[in-house]
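Participant: Dropping in start-v4.pdb, with PDB, C-alpha atoms and all ligand atoms.
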ATOM      1  CA  MET A   1       0.000   0.000   0.000
ATOM      2  CA  LYS A   2       1.486   3.274  -1.084
ATOM      3  CA  ALA A   3       0.515   6.507   0.609
ATOM      4  CA  ASP A   4      -0.240   8.917  -2.221
ATOM      5  CA  PHE A   5      -1.596  11.700  -0.051
ATOM      6  CA  GLN A   6       0.508  14.601   1.156
ATOM      7  CA  PRO A   7       0.981  14.307   4.919
ATOM      8  CA  LEU A   8       0.780  18.133   5.066
ATOM      9  CA  SER A   9       0.632  19.311   8.651
ATOM     10  CA  TYR A  10       0.167  15.873  10.189
ATOM     11  CA  GLY A  11       2.326  15.541  13.268
ATOM     12  CA  MET A  12       3.545  19.096  12.990
ATOM     13  CA  PRO A  13       3.481  21.506  15.927
ATOM     14  CA  ASN A  14       1.311  24.606  15.784
ATOM     15  CA  CYS A  15       2.704  27.595  13.949
ATOM     16  CA  PRO A  16       4.663  29.782  16.402
ATOM     17  CA  ALA A  17       3.612  32.920  14.500
ATOM     18  CA  CYS A  18      -0.187  32.495  14.217
ATOM     19  CA  GLU A  19      -0.572  29.593  16.706
ATOM     20  CA  LYS A  20      -2.740  27.646  14.261
ATOM     21  CA  HIS A  21      -2.168  24.192  12.790
ATOM     22  CA  GLY A  22      -0.844  25.514   9.478
ATOM     23  CA  LEU A  23       2.760  24.292   9.359
ATOM     24  CA  VAL A  24       3.728  22.199   6.338
ATOM     25  CA  LEU A  25       7.008  20.827   5.085
ATOM     26  CA  THR A  26       7.717  22.590   1.791
ATOM     27  CA  ASP A  27      10.741  20.381   1.245
ATOM     28  CA  LYS A  28      13.119  18.327   3.362
ATOM     29  CA  ASN A  29      14.681  21.321   5.120
ATOM     30  CA  HIS A  30      11.978  23.979   5.014
ATOM     31  CA  VAL A  31       8.809  24.494   7.003
ATOM     32  CA  ALA A  32       6.217  27.095   6.084
ATOM     33  CA  CYS A  33       2.827  28.093   7.426
ATOM     34  CA  ILE A  34      -0.122  28.023   5.018
ATOM     35  CA  LEU A  35      -2.140  30.344   7.278
ATOM     36  CA  CYS A  36       0.420  33.125   7.564
ATOM     37  CA  ASP A  37       3.814  33.878   5.987
ATOM     38  CA  TYR A  38       5.903  32.098   8.618
ATOM     39  CA  LYS A  39       8.892  30.220   7.179
ATOM     40  CA  ARG A  40      11.728  28.344   8.767
ATOM     41  CA  ASP A  41      14.901  26.727   7.485
ATOM     42  CA  LEU A  42      15.416  23.524   9.426
ATOM     43  CA  SER A  43      18.902  22.871   8.054
ATOM     44  CA  LYS A  44      20.160  26.087   9.676
ATOM     45  CA  ASP A  45      18.694  24.987  12.993
ATOM     46  CA  ILE A  46      20.548  21.690  12.756
ATOM     47  CA  ASN A  47      23.877  23.400  12.052
ATOM     48  CA  LYS A  48      23.401  26.041  14.733
ATOM     49  CA  PRO A  49      23.746  24.234  18.076
ATOM     50  CA  LYS A  50      27.508  24.235  18.539
ATOM     51  CA  LYS A  51      26.887  24.676  22.245
ATOM     52  CA  ASN A  52      25.591  21.123  22.426
ATOM     53  CA  ASP A  53      28.897  19.854  21.051
ATOM     54  CA  SER A  54      30.842  21.384  23.951
ATOM     55  CA  ASP A  55      28.203  20.093  26.361
ATOM     56  CA  GLY A  56      28.716  16.646  24.867
ATOM     57  CA  SER A  57      32.486  16.797  25.276
ATOM     58  CA  TRP A  58      32.032  17.935  28.881
ATOM     59  CA  PHE A  59      29.759  14.953  29.440
ATOM     60  CA  ILE A  60      32.388  12.603  27.974
ATOM     61  CA  PHE A  61      35.095  14.271  30.082
ATOM     62  CA  LEU A  62      33.051  13.788  33.261
ATOM     63  CA  LEU A  63      32.344  10.211  32.195
ATOM     64  CA  ILE A  64      36.096   9.520  31.842
ATOM     65  CA  VAL A  65      36.862  11.210  35.182
ATOM     66  CA  GLY A  66      34.109   9.158  36.796
ATOM     67  CA  PHE A  67      35.459   5.996  35.232
ATOM     68  CA  VAL A  68      39.027   6.754  36.422
ATOM     69  CA  LEU A  69      37.752   7.460  39.937
ATOM     70  CA  PHE A  70      35.759   4.219  39.833
ATOM     71  CA  VAL A  71      38.884   2.250  38.790
ATOM     72  CA  MET A  72      40.978   3.961  41.516
ATOM     73  CA  ILE A  73      38.390   3.213  44.190
ATOM     74  CA  SER A  74      37.750  -0.378  43.156
ATOM     75  CA  SER A  75      41.432  -1.369  42.798
TER      76      SER A  75
HETATM   77 ZN    ZN A 101       1.128  30.599  10.863
END
For this file, write the structure as structure tokens.
Ligand SMILES: [Zn+2]
Facilitator:
Amino acid sequence: MKADFQPLSYGMPNCPACEKHGLVLTDKNHVACILCDYKRDLSKDINKPKKNDSDGSWFIFLLIVGFVLFVMISS
């Protein structure tokens, strides 16, 4: 069975601009609202969070420190 309908706004959050259920995916990386002129580039949002990378390395660092402490305590 092949879905030949456009999923349109199914599963999408409400539009942050008009707060109605008008968000649609215009292509893989772009979201637009059919009820107002809200647009958003999702690919930019994915590239933006560099802060999370440093948070991730801090988490790994703490994990290693915790592991070293665990080895020191248990030996
Ligand atoms: Zn809208």
Participant: Which is closest to ligand ZN 101 (chain A) among A:Thr26, A:Ser74, A:Glu19, A:Gly66, if we use only C-alpha atoms and all ligand atoms?
Facilitator: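 With only C-alpha atoms and all ligand atoms as the atom set, the closest residue is A:Glu19.
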Participant: Around ligand ZN 101 (chain A), which protein and nucleic acid residues have at least one atom no more than 8 Å from it, if we count only C-alpha atoms and all ligand atoms? List them as a PyMOL selection string.
Facilitator: chain A and resi 14-23+32-38
Participant: Excluding Val31 (chain A) and any residue of its chain fewer than 5 positions from it, enumerate the residues within 8 Å of it, using all atoms listed in the file, and give them as a list in words.
Facilitator: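 So, after excluding close chain neighbours, the residues are Leu23, Val24, Leu25, Thr26, Lys39, Arg40, Asp41 and Leu42 of chain A.
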Participant: One decimal, in Å: what's the spacing between CA of Ser57 (chain A) and CA of Met72 (chain A)?
Facilitator: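 Between these atoms lies a distance of 22.4 Å.
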Participant: Between CA of Trp58 (chain A) and CA of Val71 (chain A), what is the distance, to one decimal in Å?
Facilitator: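 These atoms are spaced 19.8 Å apart.
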